[in-house]
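Student: Structure file model_37.txt (compact mmCIF, C-alpha atoms) right here:
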# COMPACT_ATOMS: atom_id res chain seq x y z
CA MET A 1 0.00 0.00 0.00
CA LYS A 2 1.05 3.60 -0.51
CA ILE A 3 1.10 6.04 2.40
CA GLN A 4 1.59 9.78 2.47
CA PHE A 5 2.57 11.72 5.54
CA THR A 6 4.51 14.73 6.71
CA LEU A 7 7.92 13.78 8.02
CA ASN A 8 9.81 16.53 9.82
CA GLY A 9 7.85 19.18 7.95
CA GLU A 10 8.30 17.60 4.52
CA ALA A 11 5.60 15.76 2.53
CA ARG A 12 6.65 12.15 1.91
CA SER A 13 5.08 9.33 -0.03
CA ILE A 14 6.22 5.72 0.07
CA GLU A 15 5.06 2.25 -0.95
CA ILE A 16 5.09 -0.03 2.09
CA ALA A 17 4.21 -3.59 3.02
CA VAL A 18 0.89 -3.38 4.88
CA HIS A 19 2.43 -4.93 8.01
CA ALA A 20 5.56 -2.69 7.97
CA LYS A 21 6.40 -1.04 11.28
CA LEU A 22 6.77 2.73 11.40
CA SER A 23 10.32 2.44 12.77
CA ASP A 24 11.46 0.42 9.71
CA VAL A 25 9.86 2.86 7.27
CA LEU A 26 11.38 5.91 9.01
CA ARG A 27 14.84 4.37 8.81
CA GLN A 28 14.19 3.50 5.15
CA LEU A 29 13.43 7.20 4.63
CA GLY A 30 16.81 8.15 6.10
CA CYS A 31 15.93 8.85 9.72
CA ALA A 32 18.89 7.00 11.22
CA SER A 33 18.05 8.54 14.60
CA VAL A 34 15.22 6.02 15.00
CA LYS A 35 17.05 3.27 16.86
CA MET A 36 15.90 -0.32 16.95
CA GLY A 37 16.70 -1.29 20.53
CA CYS A 38 14.24 -3.91 21.74
CA ASN A 39 11.54 -3.95 19.04
CA GLU A 40 8.86 -4.54 21.67
CA GLY A 41 8.18 -1.12 23.18
CA ALA A 42 10.41 -1.50 26.23
CA CYS A 43 13.46 0.70 25.59
CA GLY A 44 12.09 3.87 23.99
CA SER A 45 15.03 4.33 21.62
CA CYS A 46 12.63 4.41 18.64
CA ALA A 47 10.34 7.06 20.20
CA VAL A 48 8.97 9.64 17.77
CA MET A 49 6.03 12.03 17.67
CA LEU A 50 3.05 10.74 15.69
CA ASN A 51 0.24 13.27 15.30
CA GLY A 52 1.48 15.14 18.37
CA ARG A 53 1.85 12.10 20.61
CA LEU A 54 5.01 10.39 21.79
CA VAL A 55 4.89 6.78 20.56
CA ASN A 56 7.21 3.81 20.21
CA SER A 57 7.56 3.57 16.45
CA CYS A 58 8.52 -0.12 16.72
CA LEU A 59 4.97 -0.86 17.91
CA ALA A 60 3.12 1.32 15.40
CA TYR A 61 2.23 0.15 11.93
CA ALA A 62 3.45 2.58 9.26
CA ALA A 63 -0.09 2.46 7.88
CA GLN A 64 -1.25 4.21 11.05
CA ALA A 65 0.86 7.22 10.02
CA ASP A 66 -0.91 7.62 6.67
CA LYS A 67 -2.01 11.26 6.22
CA GLY A 68 -0.42 12.03 9.56
CA ILE A 69 2.49 14.04 10.94
CA VAL A 70 5.68 12.37 12.15
CA GLU A 71 8.55 14.14 13.88
CA THR A 72 11.92 12.58 14.67
CA VAL A 73 14.94 14.11 16.34
CA GLU A 74 16.24 15.13 12.88
CA SER A 75 13.73 18.01 13.15
CA VAL A 76 15.00 19.13 16.56
CA GLY A 77 17.85 21.64 16.48
CA SER A 78 20.98 21.37 14.36
CA LEU A 79 24.73 21.20 14.94
CA ASP A 80 24.94 24.99 14.63
CA HIS A 81 21.73 25.73 16.50
CA PRO A 82 20.99 22.91 18.95
CA HIS A 83 17.72 22.83 20.86
CA ALA A 84 17.88 23.90 24.52
CA ILE A 85 17.41 20.26 25.56
CA GLN A 86 20.36 19.18 23.42
CA THR A 87 22.57 21.96 24.77
CA ALA A 88 21.65 21.06 28.35
CA LEU A 89 22.42 17.36 27.79
CA VAL A 90 25.85 18.19 26.36
CA GLU A 91 26.67 20.71 29.09
CA ALA A 92 25.74 18.21 31.81
CA GLY A 93 27.87 15.48 30.24
CA ALA A 94 24.73 13.37 29.94
CA VAL A 95 25.57 11.69 26.62
CA GLN A 96 27.79 8.64 26.61
CA CYS A 97 27.18 6.09 23.83
CA GLY A 98 24.25 8.23 22.65
CA TYR A 99 22.06 5.34 21.47
CA CYS A 100 19.13 6.33 23.71
CA MET A 101 19.44 10.05 23.02
CA PRO A 102 17.09 10.47 20.03
CA GLY A 103 14.23 8.85 21.94
CA MET A 104 15.20 10.61 25.16
CA ILE A 105 15.21 14.01 23.43
CA MET A 106 11.86 13.37 21.74
CA ALA A 107 10.32 12.29 25.07
CA ALA A 108 11.70 15.36 26.83
CA LYS A 109 10.61 17.68 24.01
CA ALA A 110 7.09 16.21 24.08
CA LEU A 111 6.89 17.23 27.73
CA PHE A 112 8.62 20.64 27.48
CA ASP A 113 6.47 21.67 24.50
CA ARG A 114 3.39 21.36 26.74
CA ASN A 115 4.97 22.32 30.05
CA PRO A 116 8.18 24.43 29.94
CA SER A 117 8.84 24.04 33.67
CA PRO A 118 7.94 20.50 34.76
CA THR A 119 8.63 19.27 38.28
CA ASP A 120 11.09 16.45 38.96
CA GLU A 121 8.13 14.10 39.37
CA GLU A 122 6.66 15.11 36.01
CA LEU A 123 10.06 14.61 34.39
CA ALA A 124 10.32 11.12 35.91
CA ILE A 125 6.82 10.18 34.76
CA HIS A 126 7.27 11.42 31.21
CA LEU A 127 10.66 9.79 30.75
CA ASP A 128 9.67 6.45 32.27
CA GLY A 129 9.73 4.78 28.87
CA GLN A 130 13.31 5.77 28.00
CA LEU A 131 16.09 3.40 29.03
CA CYS A 132 19.78 4.35 29.16
CA ARG A 133 22.38 1.65 29.81
CA CYS A 134 25.35 4.04 30.24
CA THR A 135 24.65 7.06 32.39
CA GLY A 136 22.65 5.86 35.37
CA TYR A 137 20.24 8.69 34.50
CA GLU A 138 21.67 11.17 37.02
CA LYS A 139 23.22 13.50 34.47
CA ILE A 140 20.22 13.25 32.16
CA GLN A 141 18.00 14.29 35.05
CA THR A 142 20.38 17.14 35.91
CA ALA A 143 20.29 18.38 32.31
CA LEU A 144 16.51 18.28 32.10
CA ARG A 145 16.14 19.92 35.53
CA ASN A 146 18.29 22.74 34.16
CA VAL A 147 15.98 23.13 31.15
CA ALA A 148 12.98 23.16 33.52
CA ALA A 149 14.67 25.77 35.75
CA ALA A 150 15.32 27.97 32.69
CA GLY A 151 11.63 27.56 31.79
CA ARG A 152 10.62 28.72 35.28
CA GLU A 153 12.94 31.74 35.05
CA GLN A 154 11.49 32.72 31.68
CA ALA A 155 7.97 32.44 33.06
CA GLN A 156 8.77 34.91 35.87
CA MET B 1 0.16 -12.66 13.58
CA LYS B 2 0.55 -10.51 10.52
CA ILE B 3 -1.82 -7.97 9.03
CA ASN B 4 -2.58 -8.46 5.34
CA SER B 5 -4.76 -5.40 4.73
CA TYR B 6 -5.46 -2.11 6.48
CA HIS B 7 -8.83 -0.35 6.66
CA ARG B 8 -9.43 3.12 8.06
CA PRO B 9 -13.14 3.75 8.66
CA THR B 10 -14.18 7.23 9.75
CA THR B 11 -17.50 6.38 11.43
CA LEU B 12 -18.68 3.71 13.83
CA GLU B 13 -21.17 2.44 11.27
CA GLU B 14 -18.47 2.07 8.61
CA ALA B 15 -16.21 0.21 11.05
CA GLN B 16 -19.04 -2.15 11.98
CA ARG B 17 -19.89 -2.80 8.32
CA ILE B 18 -16.27 -3.58 7.42
CA LEU B 19 -15.83 -5.86 10.42
CA ARG B 20 -19.06 -7.74 9.58
CA GLU B 21 -17.88 -8.22 6.00
CA LEU B 22 -14.45 -9.41 7.13
CA GLY B 23 -15.90 -11.81 9.69
CA ALA B 24 -13.28 -13.84 11.53
CA ASN B 25 -10.55 -12.32 9.34
CA GLY B 26 -11.15 -8.83 10.79
CA LEU B 27 -9.03 -7.43 13.60
CA PRO B 28 -9.94 -4.11 15.22
CA LEU B 29 -6.86 -1.95 15.89
CA ALA B 30 -7.36 -0.12 19.18
CA GLY B 31 -3.79 1.11 19.68
CA ALA B 32 -2.10 -2.11 18.56
CA THR B 33 0.63 -2.14 21.21
CA SER B 34 0.02 -5.83 21.93
CA HIS B 35 0.61 -6.90 18.34
CA ALA B 36 4.36 -7.24 18.85
CA PHE B 37 3.59 -10.11 21.21
CA MET B 38 1.05 -11.90 19.01
CA LYS B 39 3.23 -14.44 17.27
CA GLY B 40 2.24 -17.12 14.81
CA PRO B 41 1.47 -17.44 11.11
CA GLU B 42 -2.12 -16.20 11.32
CA GLU B 43 -3.04 -13.30 9.00
CA LYS B 44 -5.71 -10.69 9.73
CA ALA B 45 -7.24 -7.63 8.09
CA ALA B 46 -6.70 -4.64 10.37
CA VAL B 47 -9.53 -2.15 10.95
CA ASP B 48 -8.07 0.95 12.58
CA LEU B 49 -10.56 2.46 15.06
CA ALA B 50 -8.49 5.60 15.69
CA TRP B 51 -10.53 7.72 13.26
CA ILE B 52 -14.11 6.86 14.24
CA GLY B 53 -14.29 9.16 17.27
CA TYR B 54 -15.19 7.94 20.78
CA ASP B 55 -11.85 9.32 21.89
CA ARG B 56 -12.67 11.79 24.66
CA ILE B 57 -13.79 12.05 28.27
CA GLU B 58 -16.96 13.92 29.20
CA ARG B 59 -18.80 14.40 32.45
CA GLY B 60 -22.34 13.11 32.00
CA GLY B 61 -24.44 13.54 35.16
CA SER B 62 -23.03 11.36 37.91
CA ALA B 63 -20.57 9.52 35.66
CA PHE B 64 -17.62 10.19 33.40
CA VAL B 65 -18.29 8.98 29.86
CA ILE B 66 -15.01 7.74 28.39
CA GLY B 67 -14.81 6.98 24.68
CA ALA B 68 -13.32 3.53 24.14
CA ASN B 69 -10.69 5.02 21.81
CA THR B 70 -9.40 7.42 24.47
CA ARG B 71 -5.64 7.03 24.90
CA VAL B 72 -4.28 6.15 28.31
CA ALA B 73 -2.17 9.34 28.12
CA ASP B 74 -5.43 11.33 27.99
CA LEU B 75 -6.78 9.50 31.05
CA GLN B 76 -3.51 10.45 32.77
CA ALA B 77 -3.77 14.12 31.80
CA TYR B 78 -7.48 14.54 32.62
CA HIS B 79 -8.33 16.13 35.96
CA ALA B 80 -11.75 16.75 37.47
CA PRO B 81 -13.33 16.40 40.90
CA GLY B 82 -14.17 12.73 41.49
CA TRP B 83 -11.85 11.47 38.71
CA VAL B 84 -9.37 8.77 39.79
CA LEU B 85 -8.38 6.95 36.61
CA ASP B 86 -5.36 9.23 36.24
CA ARG B 87 -3.85 7.23 39.13
CA VAL B 88 -4.39 4.00 37.22
CA ALA B 89 -3.04 5.51 33.99
CA LEU B 90 0.15 6.71 35.69
CA ARG B 91 1.10 3.12 36.53
CA PHE B 92 0.40 1.94 32.98
CA VAL B 93 3.65 0.80 31.34
CA SER B 94 5.41 3.93 30.02
CA GLN B 95 4.67 7.32 28.47
CA PRO B 96 5.10 6.29 24.80
CA ILE B 97 2.89 3.24 25.39
CA ARG B 98 0.33 5.43 27.19
CA GLY B 99 0.39 7.60 24.05
CA MET B 100 -0.69 4.62 21.93
CA THR B 101 -2.84 2.31 24.05
CA THR B 102 -6.56 2.96 24.33
CA ILE B 103 -8.71 2.05 27.31
CA GLY B 104 -10.96 0.09 24.94
CA GLY B 105 -8.01 -1.96 23.74
CA ASN B 106 -7.06 -2.73 27.33
CA VAL B 107 -10.49 -4.13 28.19
CA ALA B 108 -11.77 -5.58 24.90
CA ARG B 109 -9.75 -8.73 25.46
CA VAL B 110 -8.77 -9.55 29.02
CA PHE B 111 -5.50 -11.00 30.21
CA PRO B 112 -4.87 -11.66 33.93
CA TRP B 113 -2.51 -8.67 34.17
CA ASN B 114 -4.67 -6.03 32.45
CA ASP B 115 -4.76 -2.85 34.55
CA PHE B 116 -8.08 -1.19 33.80
CA PRO B 117 -10.48 -4.11 34.43
CA VAL B 118 -9.42 -4.14 38.09
CA ALA B 119 -10.10 -0.43 38.56
CA LEU B 120 -13.37 -0.56 36.59
CA LEU B 121 -14.63 -3.48 38.69
CA ALA B 122 -13.90 -1.59 41.91
CA LEU B 123 -15.44 1.64 40.63
CA GLY B 124 -18.66 -0.05 39.46
CA ALA B 125 -18.24 1.02 35.83
CA GLU B 126 -20.46 0.13 32.88
CA LEU B 127 -19.16 -0.84 29.46
CA VAL B 128 -21.25 0.00 26.40
CA ILE B 129 -21.11 -2.25 23.33
CA ALA B 130 -22.55 -0.93 20.06
CA GLY B 131 -24.16 -3.46 17.78
CA ASP B 132 -27.54 -2.86 16.17
CA GLN B 133 -28.13 -0.86 19.33
CA LYS B 134 -26.02 0.14 22.31
CA VAL B 135 -26.08 -2.20 25.30
CA ALA B 136 -24.52 -1.31 28.68
CA HIS B 137 -22.98 -4.12 30.73
CA ALA B 138 -22.01 -3.80 34.38
CA ALA B 139 -18.25 -4.34 34.78
CA GLU B 140 -18.94 -7.37 36.94
CA THR B 141 -20.89 -9.02 34.08
CA TYR B 142 -18.52 -7.84 31.37
CA PHE B 143 -15.42 -9.27 33.08
CA LYS B 144 -17.07 -12.50 34.27
CA GLY B 145 -15.24 -14.29 31.43
CA GLN B 146 -13.67 -13.25 28.16
CA PRO B 147 -15.71 -10.25 26.91
CA ALA B 148 -15.70 -11.79 23.39
CA ARG B 149 -18.75 -13.81 24.48
CA LEU B 150 -20.76 -10.55 24.58
CA TYR B 151 -19.81 -9.39 21.08
CA GLN B 152 -21.49 -10.30 17.80
CA PRO B 153 -19.54 -9.82 14.54
CA GLY B 154 -19.11 -6.08 13.98
CA ASP B 155 -19.95 -5.11 17.55
CA LEU B 156 -17.57 -2.63 19.12
CA LEU B 157 -16.98 -1.26 22.59
CA VAL B 158 -17.75 2.45 22.34
CA GLU B 159 -18.03 3.90 25.84
CA ILE B 160 -17.10 3.23 29.42
CA HIS B 161 -19.16 4.95 32.11
CA VAL B 162 -17.29 5.47 35.36
CA PRO B 163 -19.22 6.86 38.34
CA VAL B 164 -17.87 10.13 39.72
CA LEU B 165 -16.28 9.50 43.11
CA ALA B 166 -18.71 11.25 45.43
CA PRO B 167 -17.90 12.89 48.77
CA GLY B 168 -17.79 10.17 51.43
CA CYS B 169 -16.33 7.71 48.95
CA GLY B 170 -12.67 6.81 48.43
CA PHE B 171 -10.58 4.84 45.96
CA GLY B 172 -7.34 2.91 46.45
CA TYR B 173 -5.17 1.40 43.74
CA HIS B 174 -1.95 -0.62 43.87
CA LYS B 175 -0.07 -2.34 41.08
CA GLU B 176 2.95 -4.43 41.98
CA THR B 177 5.66 -4.96 39.37
CA VAL B 178 9.33 -5.96 39.49
CA VAL B 179 10.32 -2.80 37.64
CA ASN B 180 7.99 0.04 36.76
CA MET B 181 7.22 -0.97 33.18
CA ASP B 182 6.68 -4.68 33.82
CA PHE B 183 3.47 -6.64 33.50
CA SER B 184 1.69 -6.66 36.84
CA LEU B 185 2.37 -9.34 39.47
CA LEU B 186 -0.68 -8.21 41.39
CA THR B 187 -3.14 -5.38 40.83
CA LEU B 188 -5.62 -4.36 43.52
CA ALA B 189 -8.31 -1.69 43.64
CA ALA B 190 -10.85 -0.74 46.29
CA TRP B 191 -13.79 1.63 46.42
CA MET B 192 -15.33 2.41 49.79
CA LYS B 193 -18.36 4.42 50.91
CA LEU B 194 -18.44 5.56 54.52
CA GLU B 195 -21.44 6.70 56.53
CA LYS B 196 -19.88 8.34 59.58
CA ARG B 197 -17.44 5.60 60.60
CA THR B 198 -19.38 2.67 59.17
CA ILE B 199 -18.45 0.99 55.89
CA ALA B 200 -21.75 1.39 54.04
CA ALA B 201 -20.50 -0.19 50.80
CA VAL B 202 -17.22 -1.49 49.44
CA ARG B 203 -15.96 -3.05 46.23
CA VAL B 204 -12.57 -4.74 46.09
CA ALA B 205 -11.07 -6.19 42.91
CA ALA B 206 -7.86 -7.99 42.04
CA GLY B 207 -6.00 -8.88 38.88
CA ALA B 208 -2.77 -10.63 37.84
CA GLY B 209 -2.83 -12.80 40.99
CA LEU B 210 -6.01 -14.46 39.69
CA PRO B 211 -6.77 -16.23 36.39
CA LEU B 212 -8.87 -13.20 35.35
CA PRO B 213 -9.57 -9.88 37.12
CA ALA B 214 -12.43 -10.32 39.60
CA ARG B 215 -14.25 -8.86 42.61
CA LEU B 216 -13.32 -10.25 46.03
CA THR B 217 -16.89 -10.62 47.24
CA ALA B 218 -16.16 -12.58 50.43
CA LEU B 219 -13.85 -9.80 51.61
CA GLU B 220 -16.44 -7.17 50.69
CA GLY B 221 -19.06 -9.07 52.71
CA ALA B 222 -16.77 -9.17 55.73
CA LEU B 223 -16.26 -5.39 55.60
CA VAL B 224 -19.75 -4.01 54.98
CA GLY B 225 -21.43 -2.76 58.14
CA GLN B 226 -18.20 -2.75 60.14
CA THR B 227 -16.83 0.29 61.93
CA VAL B 228 -13.81 1.23 59.88
CA SER B 229 -10.36 1.00 61.45
CA THR B 230 -6.98 -0.46 60.59
CA GLU B 231 -7.77 -3.41 62.85
CA THR B 232 -11.13 -4.06 61.15
CA ILE B 233 -9.47 -4.04 57.74
CA GLN B 234 -6.62 -6.29 58.88
CA ALA B 235 -9.04 -8.77 60.45
CA ALA B 236 -11.26 -8.90 57.35
CA VAL B 237 -8.29 -9.38 55.02
CA ALA B 238 -6.78 -12.09 57.26
CA GLY B 239 -10.14 -13.86 57.51
CA GLN B 240 -11.01 -13.79 53.82
CA LEU B 241 -7.60 -13.98 52.14
CA ASP B 242 -8.02 -17.66 51.30
CA ALA B 243 -11.53 -17.24 49.90
CA VAL B 244 -9.75 -16.91 46.55
CA LYS B 245 -6.88 -18.99 45.18
CA TRP B 246 -3.94 -16.69 44.53
CA LYS B 247 -1.90 -17.55 41.48
CA GLY B 248 1.83 -17.02 40.95
CA GLY B 249 3.77 -17.09 37.72
CA ASP B 250 6.96 -15.82 36.07
CA GLY B 251 9.04 -17.34 38.88
CA PHE B 252 6.80 -16.16 41.70
CA SER B 253 5.05 -18.83 43.78
CA ASP B 254 1.37 -18.87 44.66
CA ALA B 255 2.39 -18.39 48.32
CA TYR B 256 4.41 -15.28 47.46
CA ILE B 257 1.49 -13.69 45.60
CA ARG B 258 -0.82 -14.59 48.50
CA GLN B 259 1.51 -12.80 50.92
CA LEU B 260 1.75 -9.83 48.56
CA ALA B 261 -2.06 -9.75 48.42
CA LYS B 262 -2.32 -9.78 52.21
CA ALA B 263 -0.09 -6.73 52.60
CA HIS B 264 -1.44 -4.76 49.71
CA LEU B 265 -5.13 -5.48 50.26
CA GLU B 266 -4.72 -3.80 53.63
CA ASP B 267 -2.92 -0.86 52.00
CA VAL B 268 -5.46 -0.42 49.23
CA LEU B 269 -8.40 -0.52 51.64
CA ILE B 270 -6.73 1.96 53.98
CA GLU B 271 -6.11 4.24 50.99
CA ALA B 272 -9.80 4.03 50.04
CA TRP B 273 -10.79 4.70 53.68
CA GLN B 274 -8.53 7.76 53.89
CA GLY B 275 -10.01 9.08 50.63
CA ALA B 276 -13.54 8.50 51.90
CA LYS B 277 -12.73 10.28 55.15
CA GLY B 278 -11.39 13.33 53.34
CA GLY B 279 -14.12 13.57 50.70
CA ALA B 280 -13.48 12.59 47.10
CA ALA B 281 -10.03 10.98 46.87
Could I get this file's structure written as structure tokens?

Tutor:
Amino acid sequence: MKIQFTLNGEARSIEIAVHAKLSDVLRQLGCASVKMGCNEGACGSCAVMLNGRLVNSCLAYAAQADKGIVETVESVGSLDHPHAIQTALVEAGAVQCGYCMPGMIMAAKALFDRNPSPTDEELAIHLDGQLCRCTGYEKIQTALRNVAAAGREQAQ
Amino acid sequence: MKINSYHRPTTLEEAQRILRELGANGLPLAGATSHAFMKGPEEKAAVDLAWIGYDRIERGGSAFVIGANTRVADLQAYHAPGWVLDRVALRFVSQPIRGMTTIGGNVARVFPWNDFPVALLALGAELVIAGDQKVAHAAETYFKGQPARLYQPGDLLVEIHVPVLAPGCGFGYHKETVVNMDFSLLTLAAWMKLEKRTIAAVRVAAGAGLPLPARLTALEGALVGQTVSTETIQAAVAGQLDAVKWKGGDGFSDAYIRQLAKAHLEDVLIEAWQGAKGGAA
């Protein structure tokens, strides 16, 4: 079947197998940020935004994205102009192997887009689907707390 | 399991018609997060219910009317006086899964570890199936066995009616897992109505530690009419714990789950009592 959707702001059209998973199709379209960690919705490394919701793309059929909007980390910041979340992660030394980072950034962005100054509890809840095998999470939490603190300052 | 065609109806009637035409080959998609675990060579035609509506929560009189296609993330984000399903949603797997799974998908087919049946049993919810007409089933009837027995070809779950937690009533909910995202080892929920210090009514339900989620009616019977206290609750739990046969699994013995149930039944009832004491929990 043929699906059409908006990927990172760009209209895309692709012929897919009806049972194809969204994660496979996104990688086929060049989104190497979509990592295939567990393939069963446990690790969060394939997390993307589908129609404004954070989802595990390894569990979604690509057909479900037809006529929809998909955002991956390729649409978040750039090397020259990183997003505030990306800057905070780098400054806190929160990135080691980096495999979990695309999903982690998408999960954090999904929260910060709705709530620029989440509490520690809200951060923990909204990142509960993102596993990291390197950092022990402490520096990731520090980085995201810093983003939240900046959000609080801006709100004042 | 593999899907061999994909249908996207935009109305309930269209979805019902397609499912009737497909017969046993039709598979409603209600989030589809469980499909990764459905192995085997079987092929099905997927009918995506995400576009037919029934995807919001509204207050209707003394109950919340929840569309069956409402995502768990929306149950988590919803706040209103007398609303408690956000507490259940928060313990549901993980944020990206909550963004995909629908409450209808979680209750259309029941596994021992499903979260929402336990809470809906305790809250006295009703589940509405749309066929030629809409029929409401009490949660206790709906979850008495596999809900499939209540569905004719093309029938779909469309709404869940959850009573608003009134002042004088409280709700407790516990889900035990090894790590946060795991399938449940034991899920418990309790709803309690107090009149002064007397337990006027109580519903207690369990899942994961039983073959299917169910009410613990012997325990309820031992509590109704009692003056509420920690001691009353402990005595009722101790006296009625073996009225059901607790079931282990995944390396956990029946005796371990029984002990877990003893501790957490007390906790969940005390939580419901505290909520009832303070007004709507």

Student: Looking at A:Leu26, A:Ile105, A:Val34, A:Val48, which one is nearest to chain B, with distances taken over only C-alpha atoms?

Tutor: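 Closest residue, counting only C-alpha atoms: A:Val48.
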
Student: Can you check which residues of chain B have any atom within 9 Å of chain A? Use only C-alpha atoms and format it as a VMD selection string.

Tutor: chain B and resid 2 to 6 8 31 to 37 48 50 73 90 93 to 100 180 to 181

Student: Give the centre and edge lengths of an axis-aligned box, in Å to one decimal, that holds all listed atoms of stretch 124-137 of chain A with 8 Å on each side, as AutoDock Vina command-line options.

Tutor:
--center_x 16.1 --center_y 6.5 --center_z 32.0 --size_x 34.5 --size_y 25.8 --size_z 23.9

Student: Counting all atoms listed in the file, which of A:Leu7, A:Arg12, A:Val95, A:Asn115 gets nearest to A:Val73?

Tutor: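 With all atoms listed in the file as the atom set, the closest residue is A:Leu7.
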
Student: Between atom CA of B:Pro28 and atom CA of B:Thr187, what is the distance in Å, rounded to a tenth?

Tutor: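 Atom CA of B:Pro28 sits 26.5 Å away from atom CA of B:Thr187.
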
Student: Taking 5 positions as the minimum chain separation for residues in the same chain, which residues sit within 6 Å of B:Met192 when counting all atoms listed in the file? Answer as number ranges by chain.

Tutor: B: 169-170, 201-202, 272

Student: Need to verify the contact set: A:Asn146, 12 Å, only C-alpha atoms, exclusion of same-chain residues closer than 4 positions in sequence. Can you return it as a PyMOL selection string?

Tutor: chain A and resi 84-92+112+116-120+123+139-142+150-153

Student: Give me, please, the distance in Å between atom CA of B:Leu260 and atom CA of B:Gly278, quoted to one decimal.

Tutor: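 That distance, rounded to one decimal, is 27.1 Å.
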
Student: Between B:Asp132, B:Ala77, B:Asn106, B:Thr227, which one has atoms that come closest to B:Pro153, using all atoms listed in the file?

Tutor: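 The closest residue to B:Pro153 is B:Asp132.
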
Student: Restricting the calculation to only C-alpha atoms: of A:Ser45, A:Asn8, A:Gln154, A:Ser13, which residue gets closest to A:Glu74?

Tutor: A:Asn8

Student: Separation of atom CA of B:Asn114 and atom CA of B:Ile66, in Å?

Tutor: 17.7 Å

Student: Rank B:Gly23, B:Gly225, B:Gly60, B:Gly82 by their smallest atom-to-atom distance to B:Val164, using only C-alpha atoms, and report the top residue only.

Tutor: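 Distance minimum relative to B:Val164 lands on B:Gly82.
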